[in-house]
file input_25.cif (mmCIF, C-alpha atoms and all ligand atoms)
data_model
#
loop_
_atom_site.label_atom_id
_atom_site.label_comp_id
_atom_site.auth_asym_id
_atom_site.auth_seq_id
_atom_site.Cartn_x
_atom_site.Cartn_y
_atom_site.Cartn_z
CA MET A 12 -20.29 -148.13 -83.47
CA LYS A 13 -21.29 -149.96 -80.30
CA VAL A 14 -23.36 -153.12 -80.49
CA TRP A 15 -25.40 -154.39 -77.55
CA LEU A 16 -24.69 -158.08 -77.20
CA ASP A 17 -26.29 -160.01 -74.34
CA GLY A 18 -26.06 -157.25 -71.79
CA HIS A 19 -22.81 -155.60 -72.90
CA LEU A 20 -22.03 -152.73 -75.24
CA VAL A 21 -19.11 -153.88 -77.39
CA ASP A 22 -17.25 -152.33 -80.31
CA LYS A 23 -18.67 -153.34 -83.70
CA GLN A 24 -15.54 -155.34 -84.64
CA HIS A 25 -15.77 -157.38 -81.43
CA ALA A 26 -19.50 -158.04 -81.67
CA THR A 27 -19.53 -161.68 -82.76
CA VAL A 28 -21.70 -164.76 -82.26
CA PRO A 29 -20.46 -168.37 -82.11
CA VAL A 30 -20.49 -170.40 -85.33
CA TYR A 31 -22.67 -172.94 -83.49
CA ASP A 32 -25.46 -170.37 -83.11
CA HIS A 33 -28.61 -171.83 -84.65
CA GLY A 34 -29.39 -168.40 -86.05
CA LEU A 35 -26.42 -168.92 -88.33
CA LEU A 36 -26.74 -172.68 -88.81
CA TYR A 37 -30.50 -172.77 -89.52
CA GLY A 38 -31.81 -169.21 -89.73
CA ASP A 39 -33.47 -169.94 -86.40
CA GLY A 40 -34.38 -166.66 -84.73
CA VAL A 41 -36.42 -163.47 -85.05
CA PHE A 42 -35.68 -159.81 -85.65
CA GLU A 43 -36.98 -156.26 -85.96
CA GLY A 44 -35.92 -153.20 -87.96
CA ILE A 45 -36.75 -149.93 -86.18
CA ARG A 46 -36.11 -146.25 -86.98
CA VAL A 47 -34.86 -143.40 -84.86
CA TYR A 48 -36.11 -140.02 -86.06
CA ASN A 49 -34.73 -136.92 -84.42
CA GLY A 50 -33.51 -138.88 -81.40
CA ARG A 51 -36.85 -140.60 -80.80
CA ILE A 52 -37.47 -144.27 -81.42
CA PHE A 53 -40.40 -144.69 -83.78
CA LYS A 54 -43.14 -147.11 -82.65
CA LEU A 55 -40.79 -149.00 -80.36
CA LYS A 56 -43.64 -150.63 -78.46
CA SER A 57 -45.23 -151.98 -81.66
CA HIS A 58 -41.90 -153.43 -82.74
CA LEU A 59 -41.33 -155.04 -79.34
CA GLU A 60 -44.82 -156.53 -79.38
CA ARG A 61 -44.19 -157.98 -82.82
CA LEU A 62 -40.81 -159.34 -81.68
CA ALA A 63 -42.52 -161.07 -78.74
CA ALA A 64 -45.21 -162.49 -81.05
CA SER A 65 -42.59 -163.74 -83.55
CA ALA A 66 -40.57 -165.36 -80.75
CA HIS A 67 -43.69 -167.02 -79.37
CA ALA A 68 -44.61 -168.34 -82.83
CA ILE A 69 -41.25 -170.13 -83.17
CA HIS A 70 -41.27 -171.44 -79.55
CA LEU A 71 -38.40 -169.20 -78.57
CA THR A 72 -38.35 -168.01 -74.97
CA LEU A 73 -36.70 -164.60 -74.79
CA HIS A 74 -33.85 -164.35 -72.31
CA TYR A 75 -34.74 -160.75 -71.37
CA THR A 76 -38.12 -159.24 -70.59
CA ILE A 77 -39.61 -156.87 -73.17
CA ARG A 78 -39.03 -154.04 -70.68
CA GLU A 79 -35.33 -154.98 -70.43
CA ILE A 80 -35.03 -155.14 -74.21
CA GLU A 81 -36.70 -151.74 -74.46
CA GLN A 82 -34.16 -150.27 -72.02
CA ALA A 83 -31.30 -151.93 -73.89
CA VAL A 84 -32.51 -150.49 -77.21
CA ARG A 85 -32.67 -146.99 -75.70
CA GLU A 86 -29.23 -147.41 -74.13
CA THR A 87 -27.70 -148.53 -77.43
CA VAL A 88 -29.21 -145.60 -79.33
CA VAL A 89 -27.78 -143.15 -76.78
CA ALA A 90 -24.39 -144.92 -76.78
CA ASN A 91 -24.11 -144.48 -80.55
CA GLY A 92 -25.03 -140.80 -80.47
CA LEU A 93 -27.07 -140.88 -83.69
CA LYS A 94 -30.19 -138.73 -83.94
CA ASP A 95 -31.40 -140.47 -87.08
CA ALA A 96 -30.65 -144.15 -87.28
CA TYR A 97 -31.81 -147.65 -88.04
CA ILE A 98 -31.92 -150.24 -85.26
CA ARG A 99 -31.57 -153.93 -85.98
CA LEU A 100 -32.79 -155.98 -83.05
CA VAL A 101 -32.06 -159.70 -83.42
CA VAL A 102 -32.74 -162.65 -81.16
CA THR A 103 -31.18 -165.89 -82.36
CA ARG A 104 -31.85 -169.34 -80.94
CA GLY A 105 -28.32 -169.25 -79.52
CA ALA A 106 -25.47 -171.73 -79.65
CA GLY A 107 -26.09 -175.45 -79.28
CA PRO A 108 -25.03 -178.79 -80.69
CA LEU A 109 -25.46 -179.52 -84.40
CA GLY A 110 -28.95 -180.75 -85.27
CA LEU A 111 -32.24 -178.91 -85.75
CA ASN A 112 -33.61 -179.39 -82.22
CA PRO A 113 -33.98 -175.81 -80.96
CA PHE A 114 -34.43 -176.94 -77.36
CA THR A 115 -30.79 -178.04 -77.16
CA CYS A 116 -29.75 -174.35 -77.24
CA PRO A 117 -29.69 -173.13 -73.65
CA LYS A 118 -29.65 -169.36 -74.21
CA PRO A 119 -30.79 -167.15 -77.10
CA ALA A 120 -28.40 -164.42 -78.25
CA THR A 121 -29.85 -160.90 -78.09
CA ILE A 122 -28.21 -158.37 -80.41
CA ILE A 123 -28.92 -154.67 -80.92
CA ILE A 124 -27.18 -152.86 -83.77
CA VAL A 125 -27.65 -149.11 -84.30
CA ASP A 126 -26.46 -147.83 -87.66
CA ARG A 127 -27.59 -145.90 -90.71
CA ILE A 128 -29.53 -147.36 -93.62
CA THR A 129 -30.18 -146.22 -97.18
CA LEU A 130 -32.44 -148.64 -98.93
CA TYR A 131 -33.45 -146.98 -102.17
CA PRO A 132 -31.83 -144.15 -104.14
CA GLU A 133 -33.31 -140.70 -103.41
CA GLU A 134 -34.45 -140.12 -107.01
CA MET A 135 -36.80 -143.10 -106.72
CA TYR A 136 -38.81 -141.22 -104.09
CA ALA A 137 -39.30 -138.39 -106.59
CA GLU A 138 -39.81 -140.43 -109.76
CA GLY A 139 -41.34 -143.63 -108.43
CA MET A 140 -39.88 -147.08 -108.38
CA PRO A 141 -40.06 -149.68 -111.10
CA VAL A 142 -40.93 -153.11 -109.66
CA ILE A 143 -41.51 -156.58 -111.05
CA VAL A 144 -43.80 -159.40 -110.01
CA ALA A 145 -41.69 -162.28 -108.73
CA LYS A 146 -42.28 -165.68 -110.30
CA ARG A 147 -41.53 -167.26 -106.96
CA PRO A 148 -44.57 -167.24 -104.64
CA ARG A 149 -44.48 -166.18 -101.00
CA VAL A 150 -44.14 -169.05 -98.53
CA PRO A 151 -47.69 -170.15 -97.61
CA VAL A 152 -49.03 -169.18 -94.19
CA GLU A 153 -49.41 -172.85 -93.21
CA CYS A 154 -45.70 -173.52 -93.92
CA LEU A 155 -44.04 -170.52 -92.28
CA ASP A 156 -46.37 -167.60 -91.64
CA PRO A 157 -44.89 -164.45 -93.23
CA ALA A 158 -46.41 -162.55 -90.28
CA VAL A 159 -43.53 -164.02 -88.25
CA LYS A 160 -40.45 -161.86 -88.73
CA SER A 161 -37.98 -164.71 -88.62
CA LEU A 162 -34.36 -164.96 -89.70
CA ASN A 163 -35.50 -167.17 -92.61
CA TYR A 164 -35.49 -164.62 -95.42
CA LEU A 165 -34.41 -166.81 -98.34
CA ASN A 166 -37.89 -166.76 -99.89
CA ASN A 167 -37.66 -162.96 -99.99
CA ILE A 168 -33.97 -162.92 -100.97
CA LEU A 169 -34.58 -165.15 -104.00
CA ALA A 170 -37.49 -162.94 -105.09
CA LYS A 171 -35.18 -159.94 -104.59
CA VAL A 172 -32.64 -161.61 -106.90
CA GLU A 173 -35.38 -161.80 -109.55
CA ALA A 174 -35.93 -158.05 -109.06
CA ILE A 175 -32.22 -157.24 -109.30
CA GLU A 176 -31.83 -159.38 -112.43
CA ALA A 177 -34.68 -157.38 -113.97
CA GLY A 178 -32.93 -154.10 -113.03
CA CYS A 179 -35.36 -153.32 -110.17
CA HIS A 180 -35.06 -152.89 -106.41
CA GLU A 181 -38.28 -154.59 -105.37
CA ALA A 182 -40.52 -157.47 -106.41
CA VAL A 183 -44.19 -157.94 -105.65
CA MET A 184 -44.84 -161.40 -104.26
CA LEU A 185 -48.05 -163.38 -104.81
CA ASN A 186 -49.20 -166.23 -102.61
CA THR A 187 -49.68 -169.74 -103.99
CA ASP A 188 -53.32 -168.83 -104.84
CA GLY A 189 -52.10 -165.95 -107.00
CA GLU A 190 -53.17 -163.21 -104.58
CA VAL A 191 -50.95 -160.19 -103.96
CA CYS A 192 -49.22 -160.39 -100.56
CA GLU A 193 -46.38 -157.92 -100.21
CA CYS A 194 -42.93 -157.15 -101.57
CA THR A 195 -39.65 -158.72 -100.46
CA GLY A 196 -39.14 -156.15 -97.69
CA ASP A 197 -42.12 -153.81 -97.96
CA ASN A 198 -45.92 -153.89 -97.79
CA ILE A 199 -47.98 -152.85 -100.80
CA PHE A 200 -50.96 -150.52 -101.24
CA LEU A 201 -53.01 -149.60 -104.33
CA VAL A 202 -54.91 -146.39 -104.92
CA ARG A 203 -58.31 -146.76 -106.56
CA GLY A 204 -60.15 -143.46 -107.00
CA SER A 205 -60.02 -141.70 -103.66
CA ARG A 206 -59.47 -144.87 -101.66
CA ILE A 207 -56.44 -146.96 -100.78
CA VAL A 208 -56.53 -150.73 -100.53
CA THR A 209 -54.06 -153.25 -99.21
CA PRO A 210 -54.15 -157.05 -98.91
CA PRO A 211 -55.26 -158.56 -95.58
CA VAL A 212 -52.66 -160.23 -93.34
CA SER A 213 -54.41 -163.55 -94.06
CA ALA A 214 -53.02 -163.38 -97.63
CA GLY A 215 -49.60 -164.11 -96.08
CA LEU A 216 -47.64 -161.01 -95.23
CA LEU A 217 -45.82 -159.22 -92.48
CA ASN A 218 -48.17 -156.86 -90.66
CA GLY A 219 -45.83 -153.92 -91.12
CA VAL A 220 -45.58 -151.28 -88.45
CA THR A 221 -45.42 -148.72 -91.27
CA ARG A 222 -48.45 -150.38 -92.94
CA LEU A 223 -50.47 -149.90 -89.73
CA PHE A 224 -49.18 -146.35 -89.26
CA VAL A 225 -50.30 -145.45 -92.80
CA MET A 226 -53.68 -147.20 -92.39
CA ASN A 227 -54.52 -145.88 -88.93
CA GLU A 228 -52.83 -142.49 -88.75
CA VAL A 229 -51.35 -141.11 -91.98
CA ALA A 230 -54.24 -141.85 -94.37
CA PRO A 231 -56.98 -140.73 -91.93
CA ALA A 232 -55.06 -137.47 -91.36
CA CYS A 233 -55.20 -136.93 -95.14
CA GLY A 234 -58.92 -137.78 -95.21
CA ILE A 235 -58.25 -140.89 -97.30
CA ASP A 236 -60.28 -144.09 -96.81
CA VAL A 237 -58.40 -147.37 -96.37
CA ALA A 238 -59.70 -150.89 -96.89
CA GLU A 239 -58.18 -154.37 -96.71
CA ARG A 240 -59.12 -156.38 -99.76
CA THR A 241 -57.91 -159.49 -101.57
CA LEU A 242 -55.97 -158.26 -104.58
CA ARG A 243 -55.00 -160.13 -107.72
CA LEU A 244 -52.41 -159.39 -110.38
CA ASP A 245 -54.94 -157.53 -112.57
CA ASP A 246 -55.65 -155.14 -109.72
CA LEU A 247 -52.03 -154.01 -109.86
CA PHE A 248 -52.13 -153.10 -113.54
CA THR A 249 -55.47 -151.29 -113.30
CA ALA A 250 -54.56 -149.34 -110.14
CA ASP A 251 -54.42 -145.54 -110.32
CA GLU A 252 -51.34 -145.57 -108.10
CA ILE A 253 -49.26 -148.07 -106.17
CA PHE A 254 -47.02 -147.39 -103.20
CA LEU A 255 -44.94 -149.45 -100.80
CA THR A 256 -44.36 -149.03 -97.07
CA GLY A 257 -41.62 -150.22 -94.75
CA THR A 258 -39.46 -149.10 -91.87
CA ALA A 259 -36.43 -148.50 -94.06
CA ALA A 260 -38.35 -147.54 -97.24
CA GLU A 261 -40.92 -145.33 -95.44
CA VAL A 262 -43.55 -144.59 -98.15
CA ILE A 263 -42.41 -144.86 -101.77
CA GLY A 264 -44.41 -144.63 -104.99
CA VAL A 265 -44.24 -147.29 -107.72
CA ARG A 266 -44.12 -146.07 -111.31
CA SER A 267 -44.25 -149.38 -113.19
CA VAL A 268 -44.86 -153.08 -112.75
CA ASN A 269 -43.08 -155.46 -115.12
CA GLY A 270 -42.33 -152.43 -117.33
CA THR A 271 -46.01 -151.38 -117.57
CA ALA A 272 -46.70 -147.86 -116.31
CA ILE A 273 -49.05 -147.54 -113.34
CA GLY A 274 -51.38 -144.57 -113.74
CA GLU A 275 -49.32 -141.77 -115.26
CA GLY A 276 -46.08 -143.68 -114.71
CA ARG A 277 -44.91 -141.43 -111.89
CA VAL A 278 -45.62 -140.83 -108.21
CA GLY A 279 -49.37 -140.20 -108.06
CA PRO A 280 -51.06 -137.34 -106.18
CA ILE A 281 -52.46 -139.46 -103.34
CA THR A 282 -49.11 -141.17 -102.79
CA GLY A 283 -47.51 -137.71 -102.79
CA ARG A 284 -49.87 -136.51 -100.07
CA LEU A 285 -49.22 -139.59 -97.96
CA VAL A 286 -45.44 -139.23 -98.35
CA SER A 287 -45.53 -135.60 -97.17
CA GLU A 288 -47.86 -136.40 -94.29
CA PHE A 289 -45.67 -139.35 -93.30
CA ARG A 290 -42.50 -137.24 -93.40
CA SER A 291 -43.94 -134.34 -91.47
CA ARG A 292 -45.37 -136.66 -88.80
CA VAL A 293 -42.15 -138.56 -88.17
CA ALA A 294 -40.11 -135.33 -88.14
CA ARG A 295 -42.58 -133.46 -85.96
CA GLU A 296 -43.78 -135.82 -83.33
CA ALA A 297 -42.11 -139.18 -83.92
CA PRO A 298 -45.03 -141.04 -82.30
CA GLU A 299 -43.89 -143.76 -79.90
CA ASP A 300 -47.32 -145.45 -79.42
N1 LIG B 401 -42.74 -157.12 -95.43
C1 LIG B 401 -41.54 -157.69 -95.23
C2 LIG B 401 -41.28 -159.04 -95.78
C3 LIG B 401 -40.56 -157.01 -94.48
O1 LIG B 401 -39.39 -157.58 -94.25
C4 LIG B 401 -40.86 -155.72 -93.97
C5 LIG B 401 -39.84 -155.00 -93.13
N2 LIG B 401 -38.70 -154.64 -93.86
C6 LIG B 401 -42.11 -155.16 -94.24
C7 LIG B 401 -43.04 -155.90 -94.96
C8 LIG B 401 -42.49 -153.81 -93.70
O2 LIG B 401 -42.69 -153.89 -92.31
P1 LIG B 401 -42.36 -152.65 -91.34
O3 LIG B 401 -43.22 -151.54 -91.79
O4 LIG B 401 -42.72 -153.15 -89.98
O5 LIG B 401 -40.92 -152.37 -91.49
#
call {"tool": "encode", "arguments": {"input": "input_25.cif", "output": "structure tokens", "more": "lines below"}}
Ligand code: PMP
result
Amino acid sequence: MKVWLDGHLVDKQHATVPVYDHGLLYGDGVFEGIRVYNGRIFKLKSHLERLAASAHAIHLTLHYTIREIEQAVRETVVANGLKDAYIRLVVTRGAGPLGLNPFTCPKPATIIIVDRITLYPEEMYAEGMPVIVAKRPRVPVECLDPAVKSLNYLNNILAKVEAIEAGCHEAVMLNTDGEVCECTGDNIFLVRGSRIVTPPVSAGLLNGVTRLFVMNEVAPACGIDVAERTLRLDDLFTADEIFLTGTAAEVIGVRSVNGTAIGEGRVGPITGRLVSEFRSRVAREAPED
């Protein structure tokens, strides 16, 4: 595997960053996860726009232009010769002296990894995923806005540990007001009758590229209405269906929450339709915005 590191394609084993990089020392940086389907990069422009917005939010000036990063991403995909892949694009604050001050780091490190990813076992797509509700709330928007895809993932990681300890792969996270936000690495949707609902970004969540694709393209193509609505814990248990969306997860049904079956306790019919529409769209046309 070849990794793009600050302008050079280097072998995976030689792709290293200095131990003084503030990305490592403080989790100071931003990233994106992007898919390649059938040789085409899915929603690259949306991911690059979100990367730029995340960088701006943490006062990080990118070393390369978005156009240059786009070219570098394409070059790295070609160099690795994978038709179906996962891209991890990372911009760290770069190396600097010890101490939090980000402005002491002269140059951010830009890293592009192209590899494969398997997030959840295949049978979970057929049978639905059991999830729990994490006891730990999502970091409030006013502390570190979850809409910023930063290298600070400990809030999510500790909620993920709760999920793993409960024998699950995902945990639903609530905000400090008890409203549903998202999962540790996926957005959440409920099905109510013939409609799907998802929490608004203001609840404190990452505005997922897959979330927007489902809301604006996949659901309308299936003739399904979508609404953003504040959701509470009760809404989860009374939903007809629940599904999650994410770049790595794609669209996956949830069969239970905290051991309580949702709907019939399997992947519901609307989720099933969305999954097939999603899969056929990415395979067929791989929209690039
Ligand atoms: N929420 C969180 C916390 C995430 O890390 C991710 C990405 N893995 C998502 C939602 C889904 O976003 P996207 O569809 O852009 O991958």
call {"tool": "atom_distance", "arguments": {"input": "input_25.cif", "atom1": "CA of Phe254 (chain A)", "atom2": "CA of Val88 (chain A)"}}
result
29.8 Å
call {"tool": "residues_around", "arguments": {"input": "input_25.cif", "residues": "Thr256 (chain A)", "least_positions_apart": "2", "cutoff": "10 Å", "atoms": "only C-alpha atoms", "output": "list in words"}}
result
Glu193, Cys194, Gly196, Asp197, Asn198, Ile199, Phe200, Gly219, Val220, Thr221, Arg222, Leu223, Phe224, Val225, Phe254, Thr258, Ala259, Ala260, Glu261, Val262, Ile263, Gly264 and Val286 of chain A
call {"tool": "atom_distance", "arguments": {"input": "input_25.cif", "atom1": "CA of Arg78 (chain A)", "atom2": "atom N2 of ligand LIG 401 (chain B)"}}
result
23.2 Å
call {"tool": "closest_residue", "arguments": {"input": "input_25.cif", "among": "A:Ile281, A:Ile123, A:Val84, A:Ala66", "to": "Arg203 (chain A)", "atoms": "all atoms listed in the file"}}
result
A:Ile281
call {"tool": "residues_around", "arguments": {"input": "input_25.cif", "residues": "Arg51 (chain A)", "least_positions_apart": "3", "cutoff": "12 Å", "atoms": "only C-alpha atoms", "output": "ChimeraX atom specification"}}
result
/A:45-48,54-55,84-85,88-89,92-98,293-300
call {"tool": "closest_residue", "arguments": {"input": "input_25.cif", "among": "A:Val268, A:Cys116, A:Leu285, A:Leu59", "to": "ligand LIG 401 (chain B)", "atoms": "only C-alpha atoms and all ligand atoms"}}
result
A:Leu59
call {"tool": "residues_around", "arguments": {"input": "input_25.cif", "residues": "Glu239 (chain A)", "least_positions_apart": "5", "cutoff": "9 Å", "atoms": "all atoms listed in the file", "output": "PyMOL selection string"}}
result
chain A and resi 207-212
call {"tool": "write_last_selection", "arguments": {"input": "input_25.cif", "atoms": "C-alpha atoms", "output": "JSON list (two decimals), keeping the file's coordinate frame"}}
result
[["chain", "number", "residue", "atom", "x", "y", "z"],
["A", 207, "ILE", "CA", -56.44, -146.96, -100.78],
["A", 208, "VAL", "CA", -56.53, -150.73, -100.53],
["A", 209, "THR", "CA", -54.06, -153.25, -99.21],
["A", 210, "PRO", "CA", -54.15, -157.05, -98.91],
["A", 211, "PRO", "CA", -55.26, -158.56, -95.58],
["A", 212, "VAL", "CA", -52.66, -160.23, -93.34]]
call {"tool": "closest_residue", "arguments": {"input": "input_25.cif", "among": "A:Ile80, A:Ala120, A:Leu155, A:Leu71", "to": "Ala26 (chain A)", "atoms": "only C-alpha atoms"}}
result
A:Ala120
call {"tool": "atom_distance", "arguments": {"input": "input_25.cif", "atom1": "CA of Thr103 (chain A)", "atom2": "atom C6 of ligand LIG 401 (chain B)"}}
result
19.4 Å
call {"tool": "residues_around", "arguments": {"input": "input_25.cif", "residues": "Ala106 (chain A)", "least_positions_apart": "5", "cutoff": "12 Å", "atoms": "all atoms listed in the file", "output": "JSON, numbers by chain"}}
result
{"A": [28, 29, 30, 31, 32, 33, 34, 35, 36, 37, 39, 40, 111, 112, 113, 114, 115, 116, 117, 118, 119, 120, 121]}
call {"tool": "write_last_selection", "arguments": {"input": "input_25.cif", "atoms": "C-alpha atoms", "output": "CSV table (one decimal), in the coordinates of the input"}}
result
chain,number,residue,atom,x,y,z
A,28,VAL,CA,-21.7,-164.8,-82.3
A,29,PRO,CA,-20.5,-168.4,-82.1
A,30,VAL,CA,-20.5,-170.4,-85.3
A,31,TYR,CA,-22.7,-172.9,-83.5
A,32,ASP,CA,-25.5,-170.4,-83.1
A,33,HIS,CA,-28.6,-171.8,-84.6
A,34,GLY,CA,-29.4,-168.4,-86.0
A,35,LEU,CA,-26.4,-168.9,-88.3
A,36,LEU,CA,-26.7,-172.7,-88.8
A,37,TYR,CA,-30.5,-172.8,-89.5
A,39,ASP,CA,-33.5,-169.9,-86.4
A,40,GLY,CA,-34.4,-166.7,-84.7
A,111,LEU,CA,-32.2,-178.9,-85.8
A,112,ASN,CA,-33.6,-179.4,-82.2
A,113,PRO,CA,-34.0,-175.8,-81.0
A,114,PHE,CA,-34.4,-176.9,-77.4
A,115,THR,CA,-30.8,-178.0,-77.2
A,116,CYS,CA,-29.8,-174.4,-77.2
A,117,PRO,CA,-29.7,-173.1,-73.6
A,118,LYS,CA,-29.6,-169.4,-74.2
A,119,PRO,CA,-30.8,-167.2,-77.1
A,120,ALA,CA,-28.4,-164.4,-78.2
A,121,THR,CA,-29.8,-160.9,-78.1
call {"tool": "closest_residue", "arguments": {"input": "input_25.cif", "among": "A:Gly215, A:Gly234, A:Gly18, A:Pro280", "to": "ligand LIG 401 (chain B)", "atoms": "all atoms listed in the file"}}
result
A:Gly215
call {"tool": "axis_aligned_box", "arguments": {"input": "input_25.cif", "around": "ligand LIG 401 (chain B)", "padding_each_side": "3 Å", "output": "AutoDock Vina command-line options"}}
result
--center_x -41.0 --center_y -155.3 --center_z -92.9 --size_x 10.5 --size_y 13.5 --size_z 11.8
call {"tool": "closest_residue", "arguments": {"input": "input_25.cif", "among": "A:Leu217, A:Val265, A:Met135, A:Met12", "to": "ligand LIG 401 (chain B)", "atoms": "only C-alpha atoms and all ligand atoms"}}
result
A:Leu217
call {"tool": "closest_residue", "arguments": {"input": "input_25.cif", "among": "A:Asp251, A:Glu79, A:Asp126, A:Glu60", "to": "ligand LIG 401 (chain B)", "atoms": "all atoms listed in the file"}}
result
A:Glu60
call {"tool": "residues_around", "arguments": {"input": "input_25.cif", "residues": "region 175-192 of chain A", "least_positions_apart": "2", "cutoff": "7 Å", "atoms": "all atoms listed in the file", "output": "VMD selection string"}}
result
chain A and resid 141 to 145 148 to 149 151 170 to 173 194 to 195 210 214 to 216 241 to 244
